[in-house]
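*Asks:* Structure in structure tokens, see below.
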Protein chains: 2
Amino acid sequence: MVLIILKLGGSILSDKNIPYSVKWDNLERIAMGIKNALDHYKNKNKDIKLILVHGGGAFGHPVAKKYLKIENGKKSFVNMEKGFWDIQRAMRRFNNIVIDTLQSYDIPAVSIQPSSFVVFGDKLIFNTFAIKEMVKRNLVPVIHGDITVDDKNNYKIISGDDIVPYLANELKADLILYATDVDGVLIDNKPINRIDKNNIDEILDYLSGSNSIDITGGMRYKIEMIRKNKCRGFVFNGNKANNVYKALLGEVEGTEIDFSE
Amino acid sequence: MVLIILKLGGSILSDKNIPYSVKWDNLERIAMGIKNALDHYKNKNKDIKLILVHGGGAFGHPVAKKYLKIENGKKSFVNMEKGFWDIQRAMRRFNNIVIDTLQSYDIPAVSIQPSSFVVFGDKLIFNTFAIKEMVKRNLVPVIHGDITVDDKNNYKIISGDDIVPYLANELKADLILYATDVDGVLIDNKPINRIDKNNIDEILDYLSGSNSIDITGGMRYKIEMIRKNKCRGFVFNGNKANNVYKALLGEVEGTEIDFSE
């Protein structure tokens, strides 16, 4: 059995600058790539388990921003009697679109809504019993960035980049794949081949957040979360045709990030 | 602090005989009743916490039925690669309608989707940390009947009547209220005043499921779950004007079921 976690960056499924926009061509192409990869493994009698994670994209981000107050550099959420549901509803809409598309390619996708059960305080409380049972049945859980309660009477966004390494660690994933809108972790506009304990300090010096506006911190945050959770990931360009398919087969060009022990 | 759990039966919010129907008059009236009751307590400076639970009604039931196979009296679900999401999506739609209506009356409703995290095997795994944090913030979690994974490689419907007594027990609810489509627990068409350990055997002899078709067992099941979870509930008619408001104030006519210790 091989467990793969595939993160679809919010910006390859939607245009963050246009609220509620969907990049339908990417979404359809990626769904087809996933279906083809699952069929490839099925034909070889290989038992592949898959979990998908997608970001907030043009749905979660603009709505969350309406309720985010930054005072003296400290972030907090306000008016959440309305805001919590507003963010949930936007993310449910996005998640529905993603799952309906996957299902139209006969991918057995099901929904996981983190805001229903995750507490994201100093420690992350994220019960994965149901996800494990789904994976056993060959269902494909589709988890998304979401609003959560923390343990200090406020709220916190949980991003796909928080969820992926946590799940990888909890479920002992064999491979994590990050489909992003760039060719890998870029240093001077060229993707670096590999990041591990030998060059991590150097790399982090170069990076300071991703190019597009991303409240959860972009590439630097991705790398730090992979390191924290001691796992192995692969960052590649999800906009390029066939790349998701290739990645699922372990053959895509991009950056390998390896902090597994 | 007083914690109230209010169950809105699927059949008072929708007509189970007409798929995807919504009883808008009831829904609007009940939302207004809840808002008025919350305001009543607020004006008296009383700290009231509220959790709502609704059934599957005309959304969950007809879709779930498509995937339910009964062979030799044994229920199991089939074709769940499609079915799990199909049921989730139907319940999300219903839950969206309920929460949007509550929010339109300024009730700070948020969504809890059980299928995301509940495992309903011999034991019920249902993590309530996030729900507790929401309640602390005066949000009103709106939880619904849903499809779940069990621990035996199959699936199981969790109904509102499974959820309510479990939550009441976990969160130490002070009062549980069942808004149903009848005047209480009926014996010879008249509501009985009170059910407790002294008359339970007698009552259960009379009852054999509710009048309308209900795959989760109706009144008998409600009573048994209240007994199992050692709590106290009140069954009343949610179709009657003002009854939800009155019930939240502890003044409605119906049947009291008391197995608290």
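Every chain in the structure tokens takes a letter, A first, then B, and so on in the order presented; its residues are numbered from 1, and the ligands are numbered from 1 following the presented order.
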Using only C-alpha atoms, which chain A residues lie at most 10 Å away from chain B, written as a ChimeraX atom specification?
*Replies:* /A:79-89,92-93,96,99-100,103-104,106-120,125-134,136-143,148-155
*Asks:* Just want the 8 Å neighbourhood of A:Gly10, counted on only C-alpha atoms, with same-chain residues fewer than 5 positions away dropped. Output as a list in words.
*Replies:*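 After dropping sequence-adjacent residues, the list is Lys16, His54, Gly55, Gly56, Gly57 and Ala58 of chain A.
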*Asks:* Hey, can you check how far atom CA of A:Glu251 sits from atom CA of A:Asp39?
*Replies:*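 Separation of atom CA of A:Glu251 and atom CA of A:Asp39: 16.3 Å.
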*Asks:* Work out how far apart atom CA of A:Lys69 and atom CA of A:Ser14 are and give it in Å to one decimal.
*Replies:*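 According to the coordinates, atom CA of A:Lys69 and atom CA of A:Ser14 are separated by 24.6 Å.
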*Asks:* For A:Gly60, please output as number ranges by chain all residues within 8 Å (counting only C-alpha atoms; exclusion window: fewer than 6 positions along the same chain).
*Replies:* A: 87, 90-91, 145-146
*Asks:* Any idea what the distance is between atom CA of B:Ile70 and atom CA of B:Lys156?
*Replies:*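 Atom-to-atom, atom CA of B:Ile70 to atom CA of B:Lys156, that is 12.9 Å.
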*Asks:* If you run DSSP on the backbone, which residues of stretch 55-208 of chain A are strand (DSSP E or B), as a PyMOL selection string?
*Replies:* chain A and resi 68-71+74-77+109-112+119-120+124-125+140-144+146-149+155-158+175-180+186-187+190-191+194-195
*Asks:* Which neighbours of stretch 225-238 of chain A fall inside 7 Å, counting only C-alpha atoms, when residues of the same chain fewer than 2 positions from it are skipped, and could you give them as a ChimeraX atom specification?
*Replies:* /A:12,162,165-166,168-169,175-185,221-223,240,243-244,253-261
*Asks:* Take the residues that were just selected and, keeping N, CA and C atoms, output them as a short mmCIF file (atom, residue, chain, number, x, y, z; two decimals), in the first residue's frame.
*Replies:*
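Printed below is again_4.cif as written:
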```cif
data_model
loop_
_atom_site.label_atom_id
_atom_site.label_comp_id
_atom_site.auth_asym_id
_atom_site.auth_seq_id
_atom_site.Cartn_x
_atom_site.Cartn_y
_atom_site.Cartn_z
N ILE A 12 -3.75 27.46 -8.36
CA ILE A 12 -3.85 26.76 -9.65
C ILE A 12 -5.29 26.37 -9.96
N ASP A 162 -0.71 23.82 6.36
CA ASP A 162 -0.72 23.30 7.73
C ASP A 162 -1.20 21.86 7.74
N PRO A 165 1.41 18.43 5.90
CA PRO A 165 2.46 17.73 6.65
C PRO A 165 1.91 17.06 7.92
N TYR A 166 0.89 17.67 8.54
CA TYR A 166 0.28 17.06 9.72
C TYR A 166 -0.31 15.69 9.38
N ALA A 168 0.38 13.88 6.74
CA ALA A 168 1.46 13.00 6.28
C ALA A 168 2.10 12.29 7.46
N ASN A 169 2.31 13.05 8.51
CA ASN A 169 2.90 12.51 9.73
C ASN A 169 1.95 11.53 10.43
N LEU A 175 4.38 9.72 0.23
CA LEU A 175 4.78 10.78 -0.68
C LEU A 175 3.81 11.95 -0.54
N ILE A 176 4.36 13.18 -0.45
CA ILE A 176 3.47 14.34 -0.54
C ILE A 176 3.86 15.18 -1.74
N LEU A 177 2.85 15.61 -2.44
CA LEU A 177 3.04 16.34 -3.69
C LEU A 177 2.37 17.69 -3.60
N TYR A 178 3.13 18.74 -3.94
CA TYR A 178 2.58 20.09 -3.93
C TYR A 178 2.47 20.62 -5.35
N ALA A 179 1.25 20.65 -5.88
CA ALA A 179 1.04 21.28 -7.19
C ALA A 179 0.88 22.78 -6.96
N THR A 180 1.88 23.54 -7.41
CA THR A 180 1.86 25.00 -7.19
C THR A 180 1.83 25.71 -8.55
N ASP A 181 1.92 27.04 -8.53
CA ASP A 181 1.92 27.77 -9.80
C ASP A 181 3.33 28.15 -10.25
N VAL A 182 4.36 27.51 -9.66
CA VAL A 182 5.74 27.71 -10.11
C VAL A 182 6.42 26.35 -10.28
N ASP A 183 7.63 26.36 -10.87
CA ASP A 183 8.28 25.11 -11.25
C ASP A 183 8.96 24.37 -10.09
N GLY A 184 8.85 24.93 -8.88
CA GLY A 184 9.49 24.31 -7.73
C GLY A 184 9.87 25.42 -6.77
N VAL A 185 10.77 25.14 -5.85
CA VAL A 185 11.30 26.21 -5.00
C VAL A 185 12.35 26.95 -5.81
N TYR A 221 6.92 28.81 4.28
CA TYR A 221 6.08 28.14 5.26
C TYR A 221 5.94 26.65 4.93
N LYS A 222 5.76 26.35 3.63
CA LYS A 222 5.69 24.96 3.19
C LYS A 222 6.90 24.16 3.67
N ILE A 223 8.08 24.72 3.41
CA ILE A 223 9.33 24.03 3.76
C ILE A 223 9.43 23.86 5.28
N LYS A 240 1.16 23.09 -15.58
CA LYS A 240 1.64 22.46 -16.81
C LYS A 240 0.90 21.15 -17.08
N ASN A 243 1.44 17.36 -15.57
CA ASN A 243 2.35 17.34 -14.42
C ASN A 243 1.76 16.62 -13.20
N VAL A 244 0.45 16.77 -12.97
CA VAL A 244 -0.15 16.08 -11.82
C VAL A 244 -0.09 14.57 -12.04
N GLU A 253 9.23 16.93 -12.85
CA GLU A 253 10.33 17.85 -12.54
C GLU A 253 9.91 18.86 -11.49
N GLY A 254 10.80 19.17 -10.58
CA GLY A 254 10.49 20.14 -9.53
C GLY A 254 11.51 20.06 -8.42
N THR A 255 11.11 20.43 -7.19
CA THR A 255 12.02 20.44 -6.06
C THR A 255 11.62 19.39 -5.03
N GLU A 256 12.56 18.56 -4.67
CA GLU A 256 12.30 17.59 -3.60
C GLU A 256 12.70 18.22 -2.26
N ILE A 257 11.81 18.08 -1.26
CA ILE A 257 12.12 18.58 0.09
C ILE A 257 12.07 17.38 1.02
N ASP A 258 13.21 17.04 1.62
CA ASP A 258 13.27 15.78 2.36
C ASP A 258 13.78 15.97 3.78
N PHE A 259 12.87 15.85 4.75
CA PHE A 259 13.26 15.87 6.16
C PHE A 259 12.79 14.61 6.88
N SER A 260 12.57 13.55 6.09
CA SER A 260 12.20 12.27 6.70
C SER A 260 13.43 11.71 7.39
N GLU A 261 13.20 10.87 8.40
CA GLU A 261 14.32 10.37 9.19
C GLU A 261 14.51 8.87 8.99
#
```
*Asks:* Among stretch 143-252 of chain B, which residues does DSSP mark as alpha helix (DSSP H) when it is run on the backbone? Keep the chain and numbering as in the structure and answer as a PDB file with N, CA, C and O atoms, in the first residue's frame.
*Replies:*
```pdb
ATOM      1  N   GLY B 160     -30.053  12.637  13.851  1.00  0.00           N
ATOM      2  CA  GLY B 160     -30.155  13.644  14.893  1.00  0.00           C
ATOM      3  C   GLY B 160     -30.399  13.016  16.264  1.00  0.00           C
ATOM      4  O   GLY B 160     -29.867  13.483  17.271  1.00  0.00           O
ATOM      5  N   ASP B 161     -31.168  11.937  16.277  1.00  0.00           N
ATOM      6  CA  ASP B 161     -31.496  11.284  17.554  1.00  0.00           C
ATOM      7  C   ASP B 161     -30.322  10.502  18.139  1.00  0.00           C
ATOM      8  O   ASP B 161     -30.345  10.143  19.319  1.00  0.00           O
ATOM      9  N   ASP B 162     -29.316  10.182  17.315  1.00  0.00           N
ATOM     10  CA  ASP B 162     -28.065   9.640  17.856  1.00  0.00           C
ATOM     11  C   ASP B 162     -27.207  10.767  18.427  1.00  0.00           C
ATOM     12  O   ASP B 162     -26.515  10.607  19.428  1.00  0.00           O
ATOM     13  N   ILE B 163     -27.222  11.896  17.719  1.00  0.00           N
ATOM     14  CA  ILE B 163     -26.308  12.994  18.044  1.00  0.00           C
ATOM     15  C   ILE B 163     -26.720  13.717  19.330  1.00  0.00           C
ATOM     16  O   ILE B 163     -25.894  14.013  20.190  1.00  0.00           O
ATOM     17  N   VAL B 164     -28.028  13.989  19.459  1.00  0.00           N
ATOM     18  CA  VAL B 164     -28.502  14.845  20.549  1.00  0.00           C
ATOM     19  C   VAL B 164     -28.144  14.316  21.940  1.00  0.00           C
ATOM     20  O   VAL B 164     -27.512  15.027  22.727  1.00  0.00           O
ATOM     21  N   PRO B 165     -28.509  13.057  22.272  1.00  0.00           N
ATOM     22  CA  PRO B 165     -28.199  12.609  23.642  1.00  0.00           C
ATOM     23  C   PRO B 165     -26.693  12.462  23.868  1.00  0.00           C
ATOM     24  O   PRO B 165     -26.210  12.701  24.977  1.00  0.00           O
ATOM     25  N   TYR B 166     -25.954  12.074  22.810  1.00  0.00           N
ATOM     26  CA  TYR B 166     -24.494  11.967  22.937  1.00  0.00           C
ATOM     27  C   TYR B 166     -23.891  13.325  23.311  1.00  0.00           C
ATOM     28  O   TYR B 166     -23.096  13.445  24.247  1.00  0.00           O
ATOM     29  N   LEU B 167     -24.289  14.362  22.567  1.00  0.00           N
ATOM     30  CA  LEU B 167     -23.774  15.712  22.850  1.00  0.00           C
ATOM     31  C   LEU B 167     -24.219  16.193  24.230  1.00  0.00           C
ATOM     32  O   LEU B 167     -23.446  16.818  24.964  1.00  0.00           O
ATOM     33  N   ALA B 168     -25.469  15.891  24.568  1.00  0.00           N
ATOM     34  CA  ALA B 168     -26.004  16.321  25.863  1.00  0.00           C
ATOM     35  C   ALA B 168     -25.152  15.751  26.987  1.00  0.00           C
ATOM     36  O   ALA B 168     -24.824  16.445  27.951  1.00  0.00           O
ATOM     37  N   ASN B 169     -24.773  14.505  26.823  1.00  0.00           N
ATOM     38  CA  ASN B 169     -23.955  13.817  27.810  1.00  0.00           C
ATOM     39  C   ASN B 169     -22.534  14.396  27.845  1.00  0.00           C
ATOM     40  O   ASN B 169     -21.991  14.710  28.905  1.00  0.00           O
ATOM     41  N   GLU B 170     -21.939  14.559  26.661  1.00  0.00           N
ATOM     42  CA  GLU B 170     -20.556  15.061  26.543  1.00  0.00           C
ATOM     43  C   GLU B 170     -20.414  16.491  27.057  1.00  0.00           C
ATOM     44  O   GLU B 170     -19.404  16.844  27.659  1.00  0.00           O
ATOM     45  N   LEU B 171     -21.388  17.338  26.727  1.00  0.00           N
ATOM     46  CA  LEU B 171     -21.275  18.767  27.030  1.00  0.00           C
ATOM     47  C   LEU B 171     -22.069  19.158  28.276  1.00  0.00           C
ATOM     48  O   LEU B 171     -22.147  20.330  28.613  1.00  0.00           O
ATOM     49  N   ILE B 200     -41.244   3.471  31.953  1.00  0.00           N
ATOM     50  CA  ILE B 200     -40.600   3.276  30.650  1.00  0.00           C
ATOM     51  C   ILE B 200     -40.995   1.956  29.981  1.00  0.00           C
ATOM     52  O   ILE B 200     -41.268   1.922  28.777  1.00  0.00           O
ATOM     53  N   ASP B 201     -41.051   0.851  30.736  1.00  0.00           N
ATOM     54  CA  ASP B 201     -41.320  -0.451  30.115  1.00  0.00           C
ATOM     55  C   ASP B 201     -42.708  -0.482  29.487  1.00  0.00           C
ATOM     56  O   ASP B 201     -42.900  -0.928  28.357  1.00  0.00           O
ATOM     57  N   GLU B 202     -43.636   0.011  30.229  1.00  0.00           N
ATOM     58  CA  GLU B 202     -45.014   0.162  29.784  1.00  0.00           C
ATOM     59  C   GLU B 202     -45.104   0.963  28.478  1.00  0.00           C
ATOM     60  O   GLU B 202     -45.735   0.556  27.504  1.00  0.00           O
ATOM     61  N   ILE B 203     -44.403   2.114  28.468  1.00  0.00           N
ATOM     62  CA  ILE B 203     -44.439   3.010  27.302  1.00  0.00           C
ATOM     63  C   ILE B 203     -43.833   2.336  26.075  1.00  0.00           C
ATOM     64  O   ILE B 203     -44.391   2.388  24.977  1.00  0.00           O
ATOM     65  N   LEU B 204     -42.680   1.692  26.261  1.00  0.00           N
ATOM     66  CA  LEU B 204     -42.005   1.063  25.118  1.00  0.00           C
ATOM     67  C   LEU B 204     -42.866  -0.050  24.530  1.00  0.00           C
ATOM     68  O   LEU B 204     -42.821  -0.297  23.321  1.00  0.00           O
ATOM     69  N   ASP B 205     -43.658  -0.716  25.367  1.00  0.00           N
ATOM     70  CA  ASP B 205     -44.580  -1.724  24.849  1.00  0.00           C
ATOM     71  C   ASP B 205     -45.557  -1.113  23.848  1.00  0.00           C
ATOM     72  O   ASP B 205     -45.896  -1.718  22.840  1.00  0.00           O
ATOM     73  N   TYR B 206     -46.006   0.084  24.156  1.00  0.00           N
ATOM     74  CA  TYR B 206     -46.969   0.768  23.273  1.00  0.00           C
ATOM     75  C   TYR B 206     -46.360   1.168  21.929  1.00  0.00           C
ATOM     76  O   TYR B 206     -47.014   1.136  20.899  1.00  0.00           O
ATOM     77  N   GLY B 218     -37.736   6.723  14.975  1.00  0.00           N
ATOM     78  CA  GLY B 218     -38.773   7.533  15.587  1.00  0.00           C
ATOM     79  C   GLY B 218     -38.716   7.656  17.095  1.00  0.00           C
ATOM     80  O   GLY B 218     -37.646   7.716  17.693  1.00  0.00           O
ATOM     81  N   MET B 219     -39.891   7.696  17.680  1.00  0.00           N
ATOM     82  CA  MET B 219     -40.037   8.053  19.093  1.00  0.00           C
ATOM     83  C   MET B 219     -39.392   7.032  20.026  1.00  0.00           C
ATOM     84  O   MET B 219     -38.761   7.398  21.019  1.00  0.00           O
ATOM     85  N   ARG B 220     -39.579   5.755  19.716  1.00  0.00           N
ATOM     86  CA  ARG B 220     -39.013   4.696  20.546  1.00  0.00           C
ATOM     87  C   ARG B 220     -37.494   4.863  20.654  1.00  0.00           C
ATOM     88  O   ARG B 220     -36.918   4.782  21.732  1.00  0.00           O
ATOM     89  N   TYR B 221     -36.864   5.121  19.503  1.00  0.00           N
ATOM     90  CA  TYR B 221     -35.409   5.282  19.454  1.00  0.00           C
ATOM     91  C   TYR B 221     -34.969   6.512  20.252  1.00  0.00           C
ATOM     92  O   TYR B 221     -33.974   6.478  20.985  1.00  0.00           O
ATOM     93  N   LYS B 222     -35.730   7.610  20.099  1.00  0.00           N
ATOM     94  CA  LYS B 222     -35.437   8.831  20.872  1.00  0.00           C
ATOM     95  C   LYS B 222     -35.365   8.515  22.368  1.00  0.00           C
ATOM     96  O   LYS B 222     -34.419   8.889  23.057  1.00  0.00           O
ATOM     97  N   ILE B 223     -36.411   7.842  22.846  1.00  0.00           N
ATOM     98  CA  ILE B 223     -36.506   7.534  24.278  1.00  0.00           C
ATOM     99  C   ILE B 223     -35.344   6.639  24.707  1.00  0.00           C
ATOM    100  O   ILE B 223     -34.707   6.875  25.744  1.00  0.00           O
ATOM    101  N   GLU B 224     -35.048   5.629  23.891  1.00  0.00           N
ATOM    102  CA  GLU B 224     -33.976   4.702  24.255  1.00  0.00           C
ATOM    103  C   GLU B 224     -32.612   5.385  24.291  1.00  0.00           C
ATOM    104  O   GLU B 224     -31.776   5.086  25.147  1.00  0.00           O
ATOM    105  N   MET B 225     -32.395   6.322  23.359  1.00  0.00           N
ATOM    106  CA  MET B 225     -31.116   7.041  23.338  1.00  0.00           C
ATOM    107  C   MET B 225     -31.012   8.003  24.527  1.00  0.00           C
ATOM    108  O   MET B 225     -29.934   8.191  25.090  1.00  0.00           O
ATOM    109  N   ILE B 226     -32.121   8.610  24.917  1.00  0.00           N
ATOM    110  CA  ILE B 226     -32.110   9.489  26.095  1.00  0.00           C
ATOM    111  C   ILE B 226     -31.789   8.661  27.337  1.00  0.00           C
ATOM    112  O   ILE B 226     -30.973   9.059  28.176  1.00  0.00           O
ATOM    113  N   ARG B 227     -32.390   7.468  27.427  1.00  0.00           N
ATOM    114  CA  ARG B 227     -32.119   6.596  28.565  1.00  0.00           C
ATOM    115  C   ARG B 227     -30.660   6.160  28.582  1.00  0.00           C
ATOM    116  O   ARG B 227     -29.986   6.248  29.604  1.00  0.00           O
ATOM    117  N   LYS B 228     -30.177   5.715  27.410  1.00  0.00           N
ATOM    118  CA  LYS B 228     -28.799   5.228  27.316  1.00  0.00           C
ATOM    119  C   LYS B 228     -27.804   6.299  27.749  1.00  0.00           C
ATOM    120  O   LYS B 228     -26.794   6.022  28.382  1.00  0.00           O
ATOM    121  N   ASN B 243     -44.177  27.515  19.554  1.00  0.00           N
ATOM    122  CA  ASN B 243     -43.773  26.421  20.429  1.00  0.00           C
ATOM    123  C   ASN B 243     -42.252  26.354  20.650  1.00  0.00           C
ATOM    124  O   ASN B 243     -41.805  26.032  21.740  1.00  0.00           O
ATOM    125  N   VAL B 244     -41.463  26.654  19.619  1.00  0.00           N
ATOM    126  CA  VAL B 244     -40.010  26.606  19.787  1.00  0.00           C
ATOM    127  C   VAL B 244     -39.570  27.706  20.762  1.00  0.00           C
ATOM    128  O   VAL B 244     -38.751  27.475  21.657  1.00  0.00           O
ATOM    129  N   TYR B 245     -40.145  28.887  20.597  1.00  0.00           N
ATOM    130  CA  TYR B 245     -39.872  29.991  21.535  1.00  0.00           C
ATOM    131  C   TYR B 245     -40.227  29.588  22.964  1.00  0.00           C
ATOM    132  O   TYR B 245     -39.412  29.714  23.886  1.00  0.00           O
ATOM    133  N   LYS B 246     -41.433  29.065  23.135  1.00  0.00           N
ATOM    134  CA  LYS B 246     -41.889  28.632  24.464  1.00  0.00           C
ATOM    135  C   LYS B 246     -40.987  27.547  25.029  1.00  0.00           C
ATOM    136  O   LYS B 246     -40.653  27.554  26.221  1.00  0.00           O
ATOM    137  N   ALA B 247     -40.612  26.594  24.182  1.00  0.00           N
ATOM    138  CA  ALA B 247     -39.772  25.488  24.642  1.00  0.00           C
ATOM    139  C   ALA B 247     -38.433  26.012  25.139  1.00  0.00           C
ATOM    140  O   ALA B 247     -37.919  25.568  26.166  1.00  0.00           O
ATOM    141  N   LEU B 248     -37.858  26.959  24.416  1.00  0.00           N
ATOM    142  CA  LEU B 248     -36.559  27.521  24.821  1.00  0.00           C
ATOM    143  C   LEU B 248     -36.680  28.266  26.156  1.00  0.00           C
ATOM    144  O   LEU B 248     -35.698  28.396  26.891  1.00  0.00           O
TER     145      LEU B 248
END
```
*Asks:* Env of B:Asp174: 7 Å cut, atoms = only C-alpha atoms, seq-sep filter 6 positions within chain, self excluded. Answer as number ranges by chain.
*Replies:* B: 2-4
*Asks:* Write the residues of the preceding selection, restricted to N, CA, C and O atoms, as a PDB file, in the first residue's frame.
*Replies:*
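Written out: part_29.pdb:
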```
ATOM      1  N   VAL B   2     -26.384  28.274  30.945  1.00  0.00           N
ATOM      2  CA  VAL B   2     -27.337  27.196  30.671  1.00  0.00           C
ATOM      3  C   VAL B   2     -27.139  26.739  29.230  1.00  0.00           C
ATOM      4  O   VAL B   2     -27.181  27.557  28.308  1.00  0.00           O
ATOM      5  N   LEU B   3     -26.894  25.430  29.037  1.00  0.00           N
ATOM      6  CA  LEU B   3     -26.717  24.892  27.681  1.00  0.00           C
ATOM      7  C   LEU B   3     -27.974  24.150  27.244  1.00  0.00           C
ATOM      8  O   LEU B   3     -28.424  23.211  27.902  1.00  0.00           O
ATOM      9  N   ILE B   4     -28.533  24.582  26.119  1.00  0.00           N
ATOM     10  CA  ILE B   4     -29.734  23.949  25.567  1.00  0.00           C
ATOM     11  C   ILE B   4     -29.391  23.318  24.210  1.00  0.00           C
ATOM     12  O   ILE B   4     -28.732  23.945  23.389  1.00  0.00           O
TER      13      ILE B   4
END
```
